[in-house]
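Coordinates as given in structure_1.pdb (PDB, C-alpha atoms, pLDDT in the B column):
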```
MODEL        1
ATOM      1  CA  MET A   1     174.427 114.084 123.823  1.00 79.00           C
ATOM      2  CA  LYS A   2     177.547 113.637 121.708  1.00 87.00           C
ATOM      3  CA  LYS A   3     180.564 112.136 123.427  1.00 91.00           C
ATOM      4  CA  LEU A   4     184.128 112.301 122.150  1.00 90.00           C
ATOM      5  CA  VAL A   5     185.552 108.777 122.319  1.00 91.00           C
ATOM      6  CA  SER A   6     188.912 109.019 120.571  1.00 92.00           C
ATOM      7  CA  ILE A   7     191.250 111.309 118.675  1.00 92.00           C
ATOM      8  CA  ASP A   8     193.558 110.208 115.859  1.00 94.00           C
ATOM      9  CA  GLU A   9     196.057 112.254 113.927  1.00 93.00           C
ATOM     10  CA  ARG A  10     196.580 112.027 110.178  1.00 92.00           C
ATOM     11  CA  THR A  11     199.765 113.583 108.785  1.00 92.00           C
ATOM     12  CA  GLU A  12     200.227 114.830 105.233  1.00 89.00           C
ATOM     13  CA  GLY A  13     203.857 115.789 104.934  1.00 84.00           C
ATOM     14  CA  LYS A  14     206.109 117.656 107.318  1.00 84.00           C
ATOM     15  CA  ASP A  15     203.780 120.217 108.935  1.00 87.00           C
ATOM     16  CA  ARG A  16     200.375 119.381 107.460  1.00 93.00           C
ATOM     17  CA  GLY A  17     197.676 117.050 108.667  1.00 95.00           C
ATOM     18  CA  ALA A  18     194.498 116.829 110.682  1.00 95.00           C
ATOM     19  CA  PHE A  19     193.171 115.636 113.993  1.00 94.00           C
ATOM     20  CA  VAL A  20     190.308 113.183 113.463  1.00 95.00           C
ATOM     21  CA  LEU A  21     187.723 113.260 116.257  1.00 94.00           C
ATOM     22  CA  HIS A  22     185.510 110.190 116.704  1.00 95.00           C
ATOM     23  CA  TRP A  23     182.110 110.788 118.326  1.00 94.00           C
ATOM     24  CA  VAL A  24     179.230 108.605 119.529  1.00 96.00           C
ATOM     25  CA  GLU A  25     175.732 109.762 120.331  1.00 96.00           C
ATOM     26  CA  ASN A  26     172.876 107.877 121.945  1.00 94.00           C
ATOM     27  CA  ILE A  27     169.710 108.367 119.930  1.00 94.00           C
ATOM     28  CA  VAL A  28     166.240 106.859 119.800  1.00 93.00           C
ATOM     29  CA  GLU A  29     164.827 105.579 116.526  1.00 93.00           C
ATOM     30  CA  TYR A  30     161.043 105.425 116.203  1.00 94.00           C
ATOM     31  CA  SER A  31     159.032 103.091 114.013  1.00 94.00           C
ATOM     32  CA  ILE A  32     155.290 103.163 113.374  1.00 94.00           C
ATOM     33  CA  VAL A  33     153.717  99.714 113.193  1.00 93.00           C
ATOM     34  CA  THR A  34     150.190  98.919 112.025  1.00 94.00           C
ATOM     35  CA  ASP A  35     148.625  96.021 113.893  1.00 90.00           C
ATOM     36  CA  ARG A  36     146.245  93.503 112.313  1.00 91.00           C
ATOM     37  CA  ASP A  37     143.241  95.372 113.676  1.00 92.00           C
ATOM     38  CA  GLY A  38     144.403  98.596 111.998  1.00 91.00           C
ATOM     39  CA  THR A  39     145.665 100.388 115.084  1.00 94.00           C
ATOM     40  CA  LYS A  40     149.031 102.065 114.860  1.00 94.00           C
ATOM     41  CA  SER A  41     151.724 101.868 117.503  1.00 93.00           C
ATOM     42  CA  ARG A  42     154.982 103.712 117.859  1.00 93.00           C
ATOM     43  CA  ILE A  43     157.985 101.619 118.854  1.00 94.00           C
ATOM     44  CA  ALA A  44     161.112 103.255 120.256  1.00 94.00           C
ATOM     45  CA  LYS A  45     164.469 101.581 119.782  1.00 94.00           C
ATOM     46  CA  PRO A  46     167.675 102.970 121.301  1.00 93.00           C
ATOM     47  CA  ALA A  47     170.625 103.239 118.928  1.00 93.00           C
ATOM     48  CA  ILE A  48     174.146 104.584 118.834  1.00 94.00           C
ATOM     49  CA  GLN A  49     175.155 106.931 116.045  1.00 94.00           C
ATOM     50  CA  GLN A  50     178.847 107.258 115.209  1.00 96.00           C
ATOM     51  CA  SER A  51     180.424 110.200 113.422  1.00 96.00           C
ATOM     52  CA  LYS A  52     183.756 111.867 112.913  1.00 96.00           C
ATOM     53  CA  THR A  53     185.007 115.374 112.284  1.00 94.00           C
ATOM     54  CA  GLU A  54     188.391 116.651 111.199  1.00 95.00           C
ATOM     55  CA  ARG A  55     190.384 119.617 112.465  1.00 95.00           C
ATOM     56  CA  PRO A  56     192.994 120.256 109.738  1.00 95.00           C
ATOM     57  CA  TYR A  57     196.213 122.194 110.303  1.00 95.00           C
ATOM     58  CA  SER A  58     198.814 123.544 107.897  1.00 94.00           C
ATOM     59  CA  ASP A  59     201.675 124.460 110.241  1.00 93.00           C
ATOM     60  CA  GLN A  60     203.041 123.619 113.696  1.00 92.00           C
ATOM     61  CA  ASN A  61     201.444 126.691 115.335  1.00 94.00           C
ATOM     62  CA  GLN A  62     197.965 125.644 114.197  1.00 94.00           C
ATOM     63  CA  ARG A  63     198.688 122.070 115.294  1.00 92.00           C
ATOM     64  CA  ARG A  64     199.694 123.146 118.818  1.00 93.00           C
ATOM     65  CA  THR A  65     196.658 125.441 119.126  1.00 94.00           C
ATOM     66  CA  ILE A  66     194.232 122.681 118.091  1.00 93.00           C
ATOM     67  CA  GLU A  67     196.004 120.157 120.309  1.00 91.00           C
ATOM     68  CA  ALA A  68     195.666 122.484 123.327  1.00 92.00           C
ATOM     69  CA  GLU A  69     191.940 123.018 122.623  1.00 90.00           C
ATOM     70  CA  LEU A  70     191.376 119.275 122.354  1.00 88.00           C
ATOM     71  CA  GLN A  71     193.217 118.581 125.604  1.00 86.00           C
ATOM     72  CA  GLN A  72     191.015 121.093 127.436  1.00 85.00           C
ATOM     73  CA  THR A  73     187.762 119.645 126.100  1.00 74.00           C
ATOM     74  CA  HIS A  74     188.774 115.969 126.311  1.00 64.00           C
ATOM     75  CA  CYS A  75     189.901 116.040 129.961  1.00 54.00           C
TER
ENDMDL
END
```
Take the structure I supplied and represent it as structure tokens, if you would.
Amino acid sequence: MKKLVSIDERTEGKDRGAFVLHWVENIVEYSIVTDRDGTKSRIAKPAIQQSKTERPYSDQNQRRTIEAELQQTHC
């Protein structure tokens, strides 16, 4: 399951910019290993995958709307 860990804001002028959402997700990576006797085994290794998404805005109304949505989901 993805979990939102932080939110940054990038500004591009007076009323333009974007909220940058940083996510982490616990995943399991699988490897197939061949033993000396020819048998194959599957090995599971937990891992953390990081990603980010942007929510751009071009005016103060869009910024406030996105900010309100993020506050509701992040609380």
Tell me, as a list in words, which residues lie within 6 Å of region 24-29 of chain A, counting all atoms listed in the file; anything in the same chain fewer than 4 positions away does not count. Met1, Lys2, Lys3, Ala44, Lys45, Pro46, Ala47, Ile48, Gln49 and Gln50 of chain A
Contact residues around region 19-21 of chain A with only C-alpha atoms at 8 Å, ignoring same-chain residues under 5 positions, as a compact mmCIF listing (two decimals) with C-alpha atoms, keeping the file's coordinate frame:
```txt
# COMPACT_ATOMS: atom_id res chain seq x y z
CA LEU A 4 184.13 112.30 122.15
CA VAL A 5 185.55 108.78 122.32
CA SER A 6 188.91 109.02 120.57
CA ILE A 7 191.25 111.31 118.68
CA ASP A 8 193.56 110.21 115.86
CA GLU A 9 196.06 112.25 113.93
CA ARG A 10 196.58 112.03 110.18
CA LYS A 52 183.76 111.87 112.91
CA THR A 53 185.01 115.37 112.28
CA GLU A 54 188.39 116.65 111.20
CA ARG A 55 190.38 119.62 112.46
CA PRO A 56 192.99 120.26 109.74
```
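Take CA of Leu70 (chain A) and CA of Lys14 (chain A): the distance between them is 21.1 Å.
Interatomic distance, CA of Tyr30 (chain A) to CA of Arg42 (chain A): 6.5 Å.
One distance worth recording is that between CA of Ile43 (chain A) and CA of His22 (chain A), which is 28.9 Å.
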List the neighbours of region 57-66 of chain A out to 6 Å using only C-alpha atoms; skip same-chain residues closer than 2 positions along the sequence, and give me the result as a count of residues only. 6
Quick one: which residues end up in the PyMOL selection byres ((chain A and resi 32) around 6) for this structure, as JSON, numbers by chain? {"A": [31, 33, 41, 42]}
